[in-house]
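Novice: Below is the file query.cif, with mmCIF, C-alpha atoms and all ligand atoms.
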data_final
loop_
_atom_site.label_atom_id
_atom_site.label_comp_id
_atom_site.auth_asym_id
_atom_site.auth_seq_id
_atom_site.Cartn_x
_atom_site.Cartn_y
_atom_site.Cartn_z
CA MET A 1 27.84 6.71 -6.52
CA ARG A 2 27.22 8.68 -9.72
CA ASN A 3 24.25 11.04 -9.94
CA LEU A 4 21.05 9.79 -11.59
CA THR A 5 18.64 12.11 -13.37
CA LEU A 6 14.98 11.45 -14.21
CA ASN A 7 12.50 13.70 -15.91
CA VAL A 8 8.93 14.46 -14.87
CA ASP A 9 7.23 14.92 -18.22
CA LEU A 10 4.57 17.61 -17.93
CA LYS A 11 4.48 19.15 -21.40
CA GLY A 12 6.21 22.50 -21.02
CA ARG A 13 6.51 22.21 -17.22
CA ASP A 14 8.96 19.29 -17.25
CA TYR A 15 11.47 19.13 -14.45
CA PRO A 16 14.39 16.93 -13.48
CA ILE A 17 14.85 14.86 -10.35
CA ILE A 18 18.57 14.57 -9.57
CA ILE A 19 19.48 11.78 -7.14
CA GLY A 20 22.97 11.36 -5.71
CA ALA A 21 25.31 11.58 -2.73
CA ASP A 22 26.64 14.84 -1.20
CA LEU A 23 24.46 17.00 -3.43
CA LEU A 24 24.04 19.74 -0.79
CA GLY A 25 27.59 20.72 -1.69
CA SER A 26 26.78 20.93 -5.40
CA ALA A 27 25.32 24.41 -5.84
CA HIS A 28 26.14 24.27 -9.57
CA LEU A 29 23.25 21.80 -9.92
CA VAL A 30 20.83 24.35 -8.45
CA LYS A 31 22.13 27.47 -10.18
CA PRO A 32 20.67 26.81 -13.66
CA TYR A 33 17.17 26.60 -12.13
CA LEU A 34 17.33 29.95 -10.34
CA GLY A 35 16.08 33.04 -12.09
CA SER A 36 17.74 36.41 -11.79
CA GLY A 37 16.35 36.92 -8.28
CA ARG A 38 17.19 35.78 -4.79
CA ALA A 39 16.88 32.31 -3.32
CA VAL A 40 15.02 31.81 -0.06
CA ILE A 41 15.71 28.52 1.69
CA VAL A 42 12.72 27.36 3.74
CA THR A 43 13.68 24.70 6.28
CA ASN A 44 12.93 23.72 9.87
CA GLU A 45 14.93 23.98 13.09
CA ALA A 46 15.98 20.30 13.11
CA VAL A 47 17.13 20.18 9.50
CA ALA A 48 18.73 23.62 9.79
CA ALA A 49 20.91 22.39 12.66
CA LEU A 50 22.16 19.54 10.48
CA TYR A 51 22.44 20.93 6.97
CA LEU A 52 21.59 24.61 6.56
CA GLU A 53 24.97 26.20 7.21
CA ARG A 54 26.72 24.02 4.64
CA PHE A 55 24.00 24.33 2.02
CA GLU A 56 23.66 28.11 2.39
CA ALA A 57 27.44 28.65 2.37
CA ASN A 58 27.72 26.54 -0.77
CA LEU A 59 25.03 28.56 -2.56
CA ARG A 60 26.74 31.80 -1.56
CA GLU A 61 30.11 30.53 -2.77
CA ALA A 62 28.47 29.87 -6.13
CA GLY A 63 27.40 33.53 -6.21
CA ILE A 64 23.77 32.87 -5.31
CA ASP A 65 22.12 35.53 -3.15
CA ALA A 66 20.37 33.37 -0.55
CA PHE A 67 18.74 33.82 2.85
CA SER A 68 16.87 31.32 5.01
CA ILE A 69 13.69 30.92 7.01
CA SER A 70 13.61 28.26 9.72
CA LEU A 71 10.19 26.96 10.75
CA PRO A 72 9.32 25.04 13.92
CA ASP A 73 9.60 21.26 13.39
CA GLY A 74 6.51 19.07 13.18
CA GLU A 75 3.24 18.27 11.45
CA ARG A 76 1.37 20.35 14.03
CA TYR A 77 3.03 23.44 12.59
CA LYS A 78 1.78 22.76 9.05
CA THR A 79 -0.67 25.60 9.52
CA TRP A 80 -1.86 28.88 8.18
CA GLU A 81 0.15 30.71 10.89
CA THR A 82 3.42 29.07 9.85
CA LEU A 83 2.68 29.69 6.19
CA ASN A 84 2.08 33.32 7.01
CA SER A 85 5.45 33.50 8.78
CA ILE A 86 7.07 32.54 5.43
CA PHE A 87 5.22 35.39 3.71
CA ASP A 88 6.20 37.78 6.54
CA ALA A 89 9.89 36.96 6.10
CA MET A 90 9.76 37.15 2.30
CA LEU A 91 8.01 40.52 2.40
CA ALA A 92 10.40 41.84 5.06
CA GLN A 93 13.28 40.82 2.76
CA ARG A 94 11.49 42.53 -0.15
CA CYS A 95 11.40 39.36 -2.26
CA ASP A 96 10.05 40.05 -5.71
CA ARG A 97 8.57 37.73 -8.32
CA ALA A 98 12.00 36.64 -9.52
CA THR A 99 12.62 34.94 -6.15
CA THR A 100 13.02 31.17 -6.01
CA VAL A 101 11.90 29.27 -2.91
CA ILE A 102 14.08 26.28 -1.99
CA ALA A 103 12.44 23.72 0.34
CA LEU A 104 15.13 21.99 2.43
CA GLY A 105 13.56 19.30 4.61
CA GLY A 106 10.95 16.57 4.79
CA GLY A 107 7.41 16.53 3.47
CA VAL A 108 6.10 19.06 5.97
CA VAL A 109 8.60 21.71 4.89
CA GLY A 110 8.22 20.76 1.22
CA ASP A 111 4.42 20.97 1.24
CA MET A 112 4.42 24.33 3.04
CA ALA A 113 7.26 25.92 1.07
CA GLY A 114 5.61 24.71 -2.16
CA PHE A 115 2.29 26.27 -1.17
CA ALA A 116 4.06 29.50 -0.20
CA ALA A 117 5.73 29.54 -3.64
CA ALA A 118 2.39 28.85 -5.35
CA THR A 119 0.77 31.86 -3.73
CA TYR A 120 3.49 34.45 -2.96
CA GLN A 121 2.81 37.35 -5.33
CA ARG A 122 0.61 34.90 -7.31
CA GLY A 123 3.41 32.40 -7.76
CA VAL A 124 7.20 32.21 -7.74
CA SER A 125 9.48 29.31 -8.71
CA TYR A 126 10.49 26.65 -6.24
CA ILE A 127 12.96 23.82 -5.87
CA GLN A 128 12.58 20.78 -3.66
CA VAL A 129 15.60 19.53 -1.71
CA PRO A 130 14.02 16.61 0.20
CA THR A 131 15.91 15.24 3.22
CA THR A 132 13.63 12.37 4.35
CA LEU A 133 13.15 9.15 2.43
CA LEU A 134 9.41 9.81 2.30
CA ALA A 135 9.99 13.22 0.76
CA GLN A 136 12.55 11.84 -1.72
CA VAL A 137 10.23 9.11 -3.01
CA ASP A 138 6.88 10.82 -2.67
CA SER A 139 6.11 14.33 -1.45
CA SER A 140 8.78 16.28 -3.37
CA VAL A 141 7.56 14.88 -6.70
CA GLY A 142 4.23 15.64 -8.32
CA GLY A 143 3.36 19.15 -7.19
CA LYS A 144 0.89 18.57 -4.38
CA THR A 145 1.39 21.40 -1.89
CA ALA A 146 -0.71 22.06 1.20
CA ILE A 147 -1.22 23.07 4.79
CA ASN A 148 -3.56 21.39 7.28
CA HIS A 149 -6.88 22.77 8.50
CA PRO A 150 -8.20 21.98 12.00
CA LEU A 151 -10.89 19.89 10.27
CA GLY A 152 -8.55 17.86 8.07
CA LYS A 153 -5.03 17.15 6.79
CA ASN A 154 -3.83 18.88 3.61
CA MET A 155 -7.22 20.54 3.13
CA ILE A 156 -5.87 23.85 1.83
CA GLY A 157 -3.35 23.77 -1.00
CA ALA A 158 -2.55 23.84 -4.69
CA PHE A 159 -1.12 21.71 -7.45
CA TYR A 160 2.12 23.53 -8.20
CA GLN A 161 5.14 21.83 -9.73
CA PRO A 162 8.74 22.54 -8.70
CA ARG A 163 11.48 23.44 -11.21
CA LEU A 164 13.90 20.87 -9.82
CA VAL A 165 14.02 18.09 -7.24
CA LEU A 166 17.49 17.55 -5.76
CA SER A 167 17.60 14.39 -3.64
CA ASP A 168 20.75 14.10 -1.58
CA LEU A 169 20.90 10.51 -0.33
CA SER A 170 23.65 11.42 2.14
CA THR A 171 21.11 13.35 4.24
CA LEU A 172 19.36 10.04 4.99
CA SER A 173 22.30 9.05 7.22
CA THR A 174 20.90 11.22 10.04
CA LEU A 175 17.26 10.21 9.64
CA PRO A 176 15.78 8.47 12.72
CA ARG A 177 15.17 4.73 12.07
CA ARG A 178 11.38 5.07 12.41
CA GLU A 179 11.34 7.80 9.75
CA LEU A 180 13.44 5.63 7.43
CA SER A 181 10.93 2.80 7.82
CA ALA A 182 8.01 5.18 7.23
CA GLY A 183 9.59 6.17 3.92
CA LEU A 184 10.11 2.53 3.02
CA ALA A 185 6.34 1.98 3.31
CA GLU A 186 5.88 4.29 0.32
CA VAL A 187 8.73 2.55 -1.54
CA VAL A 188 7.04 -0.84 -1.06
CA LYS A 189 3.78 0.78 -2.19
CA TYR A 190 5.23 1.52 -5.66
CA GLY A 191 6.25 -2.09 -6.11
CA ALA A 192 2.86 -3.31 -4.95
CA ILE A 193 0.79 -1.02 -7.16
CA MET A 194 2.75 -0.89 -10.41
CA ASP A 195 6.13 -2.60 -10.51
CA ALA A 196 6.23 -6.32 -9.68
CA GLU A 197 9.92 -6.58 -10.62
CA PHE A 198 10.79 -3.78 -8.18
CA PHE A 199 8.68 -5.51 -5.52
CA ALA A 200 10.76 -8.68 -5.98
CA TRP A 201 13.95 -6.57 -5.78
CA LEU A 202 12.73 -5.11 -2.48
CA GLU A 203 12.14 -8.59 -1.10
CA GLU A 204 15.80 -9.36 -1.86
CA ASN A 205 17.31 -6.06 -0.76
CA MET A 206 15.38 -4.77 2.25
CA GLN A 207 18.27 -5.46 4.62
CA LYS A 208 20.59 -3.27 2.53
CA LEU A 209 18.01 -0.48 2.56
CA MET A 210 17.64 -0.75 6.33
CA ALA A 211 21.45 -0.58 6.59
CA ARG A 212 21.29 2.62 4.45
CA ASP A 213 23.51 1.22 1.73
CA LEU A 214 23.83 4.22 -0.63
CA ASP A 215 23.64 2.25 -3.88
CA ALA A 216 20.54 0.38 -2.72
CA LEU A 217 18.91 3.61 -1.52
CA GLY A 218 19.77 5.30 -4.82
CA TYR A 219 18.16 2.49 -6.78
CA ALA A 220 15.04 2.48 -4.58
CA VAL A 221 14.63 6.27 -4.78
CA GLU A 222 15.16 6.25 -8.55
CA ARG A 223 12.73 3.42 -9.20
CA SER A 224 10.11 4.93 -6.85
CA CYS A 225 10.43 8.35 -8.50
CA LYS A 226 10.11 6.72 -11.94
CA CYS A 227 6.82 5.17 -10.86
CA LYS A 228 5.53 8.41 -9.40
CA ALA A 229 6.67 10.50 -12.38
CA ASP A 230 4.90 8.09 -14.73
CA VAL A 231 1.61 8.39 -12.83
CA VAL A 232 1.86 12.18 -12.42
CA ALA A 233 2.62 12.70 -16.13
CA ASP A 234 -0.50 10.70 -16.90
CA ASP A 235 -2.86 12.30 -14.39
CA GLU A 236 -1.39 15.41 -12.77
CA ARG A 237 -4.56 16.50 -10.96
CA GLU A 238 -5.82 13.10 -9.84
CA ALA A 239 -8.78 12.83 -12.17
CA GLY A 240 -8.31 9.04 -12.07
CA ARG A 241 -5.12 6.98 -12.15
CA ARG A 242 -3.14 9.10 -9.65
CA ALA A 243 -5.45 7.75 -6.94
CA ILE A 244 -3.58 4.42 -7.05
CA LEU A 245 -0.76 6.21 -5.21
CA ASN A 246 -3.15 6.12 -2.26
CA PHE A 247 -3.00 2.33 -1.95
CA GLY A 248 -3.43 1.52 1.76
CA HIS A 249 -3.99 5.19 2.58
CA THR A 250 -7.78 5.05 3.15
CA PHE A 251 -7.25 2.44 5.86
CA GLY A 252 -4.08 4.22 6.95
CA HIS A 253 -5.79 7.59 7.46
CA ALA A 254 -8.45 5.85 9.54
CA ILE A 255 -5.70 4.32 11.69
CA GLU A 256 -3.93 7.69 12.11
CA ALA A 257 -7.16 9.47 13.02
CA GLY A 258 -8.50 6.61 15.15
CA LEU A 259 -5.34 6.39 17.27
CA GLY A 260 -4.97 10.18 17.38
CA PHE A 261 -2.66 11.90 14.88
CA GLY A 262 1.00 11.56 15.78
CA ASN A 263 0.81 8.22 17.60
CA TRP A 264 1.65 6.21 14.49
CA LEU A 265 3.69 7.81 11.74
CA HIS A 266 1.86 8.12 8.42
CA GLY A 267 4.08 5.44 6.82
CA GLU A 268 3.41 3.06 9.71
CA ALA A 269 -0.35 3.48 9.31
CA VAL A 270 -0.04 3.09 5.53
CA SER A 271 1.91 -0.14 6.07
CA ALA A 272 -0.86 -1.77 8.13
CA GLY A 273 -3.38 -0.15 5.77
CA MET A 274 -1.77 -1.75 2.71
CA VAL A 275 -2.06 -5.17 4.36
CA LEU A 276 -5.78 -4.50 4.95
CA ALA A 277 -6.23 -3.34 1.34
CA ALA A 278 -4.42 -6.46 0.12
CA SER A 279 -6.62 -8.67 2.34
CA MET A 280 -9.65 -6.94 0.85
CA SER A 281 -8.27 -7.63 -2.65
CA ALA A 282 -7.88 -11.31 -1.72
CA ARG A 283 -11.46 -11.36 -0.41
CA GLN A 284 -12.58 -9.94 -3.79
CA GLY A 285 -10.92 -12.98 -5.37
CA GLU A 286 -8.13 -10.95 -6.99
CA ILE A 287 -4.80 -11.73 -5.30
CA SER A 288 -3.84 -14.88 -3.41
CA ASP A 289 -3.36 -15.18 0.34
CA SER A 290 0.31 -15.90 -0.34
CA ASP A 291 0.63 -12.49 -2.08
CA VAL A 292 -0.87 -10.84 1.01
CA ALA A 293 1.73 -12.71 3.07
CA ARG A 294 4.54 -11.54 0.72
CA LEU A 295 3.46 -7.93 1.21
CA ALA A 296 3.29 -8.30 5.00
CA ARG A 297 6.72 -9.99 5.05
CA VAL A 298 8.53 -7.25 3.13
CA LEU A 299 6.90 -4.53 5.25
CA LYS A 300 7.95 -6.34 8.43
CA GLN A 301 11.51 -6.52 7.10
CA ALA A 302 11.32 -2.74 6.71
CA GLY A 303 10.58 -2.48 10.45
CA LEU A 304 6.95 -1.56 9.89
CA PRO A 305 3.77 -2.65 11.68
CA VAL A 306 1.58 -4.96 9.58
CA GLN A 307 -1.13 -5.58 12.14
CA ALA A 308 -3.80 -2.85 12.18
CA PRO A 309 -5.01 -1.66 15.57
CA SER A 310 -8.43 -2.91 16.68
CA LEU A 311 -10.57 0.22 16.53
CA GLY A 312 -13.77 -1.74 15.79
CA ALA A 313 -15.20 -2.25 12.30
CA GLN A 314 -17.80 0.51 12.62
CA ARG A 315 -15.24 3.07 13.78
CA TYR A 316 -13.04 2.17 10.81
CA LEU A 317 -15.97 2.58 8.41
CA ASP A 318 -16.91 5.95 9.94
CA LEU A 319 -13.34 7.25 9.67
CA MET A 320 -12.90 5.91 6.14
CA GLY A 321 -16.00 7.88 5.14
CA TYR A 322 -13.90 11.09 5.39
CA ASP A 323 -11.52 9.92 2.66
CA LYS A 324 -10.90 12.34 -0.24
CA LYS A 325 -11.67 9.48 -2.65
CA VAL A 326 -15.30 9.31 -1.47
CA GLN A 327 -17.42 10.29 -4.49
CA ASP A 328 -21.19 10.87 -4.42
CA GLY A 329 -21.19 9.48 -0.88
CA LYS A 330 -19.59 6.22 -2.04
CA LEU A 331 -16.29 4.97 -0.70
CA ARG A 332 -13.71 3.99 -3.33
CA LEU A 333 -10.77 1.73 -2.57
CA VAL A 334 -7.46 1.06 -4.28
CA LEU A 335 -7.21 -2.72 -4.62
CA LEU A 336 -4.70 -5.09 -6.22
CA ARG A 337 -5.39 -7.34 -9.21
CA SER A 338 -1.94 -8.78 -8.58
CA ILE A 339 1.31 -7.59 -7.03
CA GLY A 340 2.28 -4.75 -9.39
CA ASP A 341 -1.22 -3.96 -10.66
CA ALA A 342 -3.58 -1.69 -8.68
CA TYR A 343 -6.93 -0.15 -9.57
CA LEU A 344 -9.42 2.25 -8.01
CA THR A 345 -12.95 0.93 -7.55
CA ALA A 346 -16.25 1.60 -5.84
CA ASP A 347 -17.36 -1.86 -6.89
CA PHE A 348 -16.50 -4.03 -3.92
CA SER A 349 -18.46 -6.08 -1.43
CA ALA A 350 -19.45 -3.92 1.56
CA ALA A 351 -19.96 -7.11 3.59
CA GLY A 352 -16.47 -8.23 2.56
CA LEU A 353 -14.97 -4.93 3.75
CA GLU A 354 -16.80 -5.20 7.08
CA GLN A 355 -15.48 -8.75 7.47
CA VAL A 356 -11.86 -7.68 6.80
CA LEU A 357 -12.24 -4.99 9.48
CA THR A 358 -13.99 -7.37 11.90
CA ASP A 359 -11.16 -9.90 11.41
CA ILE A 360 -8.60 -7.49 12.88
CA PRO A 361 -7.57 -9.21 16.12
CA ASP A 362 -7.82 -7.43 19.48
CA ASP A 363 -4.61 -5.59 20.39
CA GLY A 364 -4.62 -6.88 23.93
P1 LIG A 401 8.60 15.48 8.22
O1 LIG A 401 8.79 16.51 7.21
O2 LIG A 401 7.87 15.85 9.47
O3 LIG A 401 10.03 14.88 8.61
C1 LIG A 401 10.09 13.89 9.61
C2 LIG A 401 11.09 14.28 10.73
O4 LIG A 401 12.41 14.11 10.23
C3 LIG A 401 10.98 15.73 11.15
O5 LIG A 401 11.18 15.82 12.53
C4 LIG A 401 12.13 16.39 10.40
O6 LIG A 401 12.59 17.56 11.02
C5 LIG A 401 13.15 15.30 10.44
N1 LIG A 401 14.16 15.31 9.38
C6 LIG A 401 14.02 15.68 8.10
N2 LIG A 401 15.13 15.39 7.40
C7 LIG A 401 16.01 14.86 8.28
C8 LIG A 401 17.32 14.36 8.18
N3 LIG A 401 17.94 14.27 6.99
N4 LIG A 401 17.93 13.89 9.28
C9 LIG A 401 17.29 13.88 10.48
N5 LIG A 401 16.03 14.33 10.65
C10 LIG A 401 15.40 14.81 9.54
O7 LIG A 401 7.85 14.19 7.63
P2 LIG A 401 7.90 13.46 6.22
O8 LIG A 401 7.58 12.05 6.51
O9 LIG A 401 9.11 13.80 5.46
O10 LIG A 401 6.67 14.11 5.44
C11 LIG A 401 5.35 14.00 5.92
C12 LIG A 401 4.53 15.10 5.31
O11 LIG A 401 4.53 14.93 3.91
C13 LIG A 401 3.08 15.11 5.74
O12 LIG A 401 2.72 16.42 6.08
C14 LIG A 401 2.32 14.64 4.51
O13 LIG A 401 1.04 15.21 4.43
C15 LIG A 401 3.21 15.12 3.41
N6 LIG A 401 3.10 14.35 2.16
C16 LIG A 401 2.91 15.04 1.02
C17 LIG A 401 2.84 14.38 -0.17
C18 LIG A 401 2.71 15.16 -1.44
O14 LIG A 401 2.49 14.54 -2.49
N7 LIG A 401 2.87 16.45 -1.40
C19 LIG A 401 2.98 12.98 -0.22
C20 LIG A 401 3.18 12.30 0.96
C21 LIG A 401 3.24 12.99 2.16
N1 LIG A 402 1.15 11.07 -2.40
C1 LIG A 402 0.09 10.86 -3.33
C2 LIG A 402 0.17 11.75 -4.51
O1 LIG A 402 1.10 12.50 -4.69
O2 LIG A 402 -0.74 11.74 -5.31
#
Represent the structure contained in this file as structure tokens.
Ligand code: NAD
Ligand code: GLY

Specialist:
Amino acid sequence: MRNLTLNVDLKGRDYPIIIGADLLGSAHLVKPYLGSGRAVIVTNEAVAALYLERFEANLREAGIDAFSISLPDGERYKTWETLNSIFDAMLAQRCDRATTVIALGGGVVGDMAGFAAATYQRGVSYIQVPTTLLAQVDSSVGGKTAINHPLGKNMIGAFYQPRLVLSDLSTLSTLPRRELSAGLAEVVKYGAIMDAEFFAWLEENMQKLMARDLDALGYAVERSCKCKADVVADDEREAGRRAILNFGHTFGHAIEAGLGFGNWLHGEAVSAGMVLAASMSARQGEISDSDVARLARVLKQAGLPVQAPSLGAQRYLDLMGYDKKVQDGKLRLVLLRSIGDAYLTADFSAAGLEQVLTDIPDDG
């Protein structure tokens, strides 16, 4: 397939997203975005085993002075200690302010490497090279960087935009099936919140995506990134509209926390959470029950759970109270007016929400 390029329009901080196959072997695409300094590739042990040697060798062949830092793999390492290990290595290598950080990996690596770039010597450039579907359609775009705190996910971080996003679709060939599905939850999200035509395309093409057809994946990544770039250009720091990207996430975070982090993948929890948010929208008299069924059907085709676990309505409400969208003590939800049209609101029936949560059937 030919490469596709999109632009994230941020008035003076614009950057391209290049999507294509075998891009890890295309150092010439990276070179124009490096300054005069060195490149430090931040990755993790799992991704390094698959892709680092080739990527690093390719950069070196193109005359780029690069070295790498390999982090332990997993969300539990998205911590201050791991972040500090990036600083330790950069300082030991005497990296100066002309250094460019290159994040090679999924969202965990991307969020941490981005935060390291935002803060190392008060900020150096960085490039995202996302290798999971979730990172290609979501976390590598939009400049949210963070580490976790023991009291909450992504609690410490910065808005800091990359110079380039290079999405190599070929890396998705090695992604575990569950991780592919988790990324597809975010893809379906874009259709549901802002692109009804794309949603209909997903209904027709989910099997191709599950079979990792490169053209279908390229189209889905491009269309998802277009949606995200549009929202980010409009509301970079989430003063309002960007919150629609959290459709299903308030319920999803409650599921992740309620089951214990790591039991369900984030995308799996978001999938069941989107069905709850859609049910809530139907209860508000916005979308039809058949639209809720359409959403559940396409998520199921993506191999995702659509039935939320039965934590109990009160437990859900307690956990949802920790959501970052809570304002002045009031919960706000992202709901659907129709498939392809989402909005953020605090104006919903509390009794209706309780009923949606009470209606979740027992797991057993
Ligand atoms: P991840 O980074 O943990 O990657 C999932 C697993 O896949 C890991 O084990 C990883 O090593 C492995 N992997 C990565 N690429 C691979 C490949 N090509 N082949 C085989 N295995 C591969 O998880 P993720 O789903 O990519 O990202 C989740 C993280 O992203 C969370 O920390 C979340 O908070 C963050 N996130 C950030 C944003 C944002 O806007 N910044 C948005 C959404 C999610
Ligand atoms: N993943 C949600 C956002 O970037 O705002």

Novice: Using all atoms of ligand LIG 401 (chain A) that appear in the file, construct an axis-aligned enclosing box with 5 Å of padding on every side and provide its centre coordinates and edge lengths in Å, rounded to one decimal, as JSON.

Specialist:
{"center_x": 9.5, "center_y": 14.8, "center_z": 5.0, "size_x": 26.9, "size_y": 15.5, "size_z": 25.0}

Novice: Counting all atoms listed in the file, which residue out of A:Leu276, A:Val356, A:Leu71, A:Ala21 sits closest to Asp215 in chain A?

Specialist: A:Ala21

Novice: For the interface of chain A with ligand LIG 401 (chain A) (cut-off 6 Å, counting only C-alpha atoms and all ligand atoms), please tabulate each contacting residue of chain A alongside its nearest pair of atoms and their separation in Å to one decimal, rows sorted by chain and increasing number, as a Markdown table.

Specialist:
| residue | atom | partner | partner_atom | distance |
| --- | --- | --- | --- | --- |
| A:Ala46 | CA | A:LIG401 | O6 | 4.8 |
| A:Val47 | CA | A:LIG401 | O6 | 5.5 |
| A:Asp73 | CA | A:LIG401 | O6 | 5.3 |
| A:Gly74 | CA | A:LIG401 | O2 | 5.1 |
| A:Glu75 | CA | A:LIG401 | O2 | 5.6 |
| A:Gly105 | CA | A:LIG401 | C6 | 5.0 |
| A:Gly106 | CA | A:LIG401 | O1 | 3.2 |
| A:Gly107 | CA | A:LIG401 | O10 | 3.2 |
| A:Val108 | CA | A:LIG401 | O1 | 3.9 |
| A:Val109 | CA | A:LIG401 | O1 | 5.7 |
| A:Asp111 | CA | A:LIG401 | N7 | 5.5 |
| A:Thr131 | CA | A:LIG401 | N2 | 4.3 |
| A:Thr132 | CA | A:LIG401 | N2 | 4.5 |
| A:Leu134 | CA | A:LIG401 | O9 | 5.1 |
| A:Ala135 | CA | A:LIG401 | O9 | 4.8 |
| A:Asp138 | CA | A:LIG401 | C19 | 5.1 |
| A:Ser139 | CA | A:LIG401 | C18 | 3.5 |
| A:Lys144 | CA | A:LIG401 | N7 | 4.2 |
| A:Thr145 | CA | A:LIG401 | N7 | 5.2 |
| A:Thr171 | CA | A:LIG401 | N3 | 4.3 |
| A:Leu172 | CA | A:LIG401 | N3 | 4.9 |
| A:Thr174 | CA | A:LIG401 | N4 | 4.1 |
| A:Leu175 | CA | A:LIG401 | N4 | 3.8 |

Novice: Smallest atom-to-atom distance to Ile287 in chain A: which of A:Ala192, A:Ala313, A:Val137, A:Ala113, using only C-alpha atoms?

Specialist: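 So, comparing all the options, the nearest one is A:Ala192.
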
Novice: Measuring between all atoms listed in the file, which one of A:Val232, A:Ala103, A:Leu164, A:Leu10 shows the shortest distance to ligand LIG 402 (chain A)?

Specialist: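 Closest to ligand LIG 402 (chain A) of all the choices is A:Val232.
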
Novice: Do you know which residues are within 12 Å of ligand LIG 402 (chain A) using only C-alpha atoms and all ligand atoms? Can you write them as a ChimeraX atom specification?

Specialist: /A:107,111,134-146,154,158-161,183,185-187,189-190,224-225,227-250,266-267,270,324-325

Novice: How many Å lie between CA of Arg94 in chain A and CA of Arg38 in chain A, rounded to one decimal?

Specialist: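 Taking CA of Arg94 in chain A and CA of Arg38 in chain A, their separation equals 10.0 Å.
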
Novice: Would you mind telling me which residue in A:Phe199, A:Leu336, A:Ala118, A:Arg163 lies nearest to Asp9 in chain A when using all atoms listed in the file?

Specialist: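 Among the listed residues, the smallest separation from Asp9 in chain A belongs to A:Arg163.
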
Novice: Please provide the set of residues having any atom within 10 Å of Ser36 in chain A, restricted to all atoms listed in the file, with same-chain residues fewer than 5 positions apart removed, written as a PyMOL selection string.

Specialist: chain A and resi 64-65+97-100

Novice: Taking all atoms listed in the file into account, name the residue in A:Ala57, A:Thr82, A:Glu45, A:Asp362 that is nearest to Ser70 in chain A.

Specialist: A:Glu45

Novice: Using Å and a single decimal, report how far CA of Asp14 in chain A sits from CA of Glu61 in chain A.

Specialist: 28.0 Å

Novice: Around (5.3, 31.1, 6.4) in the file's frame, which residues reach within 12 Å when counting all atoms listed in the file? Return as a PyMOL selection string?

Specialist: chain A and resi 40-44+68-72+77-92+101+103+109-117+119-120+147

Novice: Which one is closest to Leu217 in chain A: A:Leu169, A:Ile255, A:Ile156, A:Ala200? Count only C-alpha atoms.

Specialist: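 Of the candidates, the smallest distance to Leu217 in chain A is held by A:Leu169.
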
Novice: What does the distance between CA of Gly262 in chain A and CA of Leu344 in chain A come to in Å, to one decimal place?

Specialist: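 We find that CA of Gly262 in chain A and CA of Leu344 in chain A lie 27.6 Å from each other.
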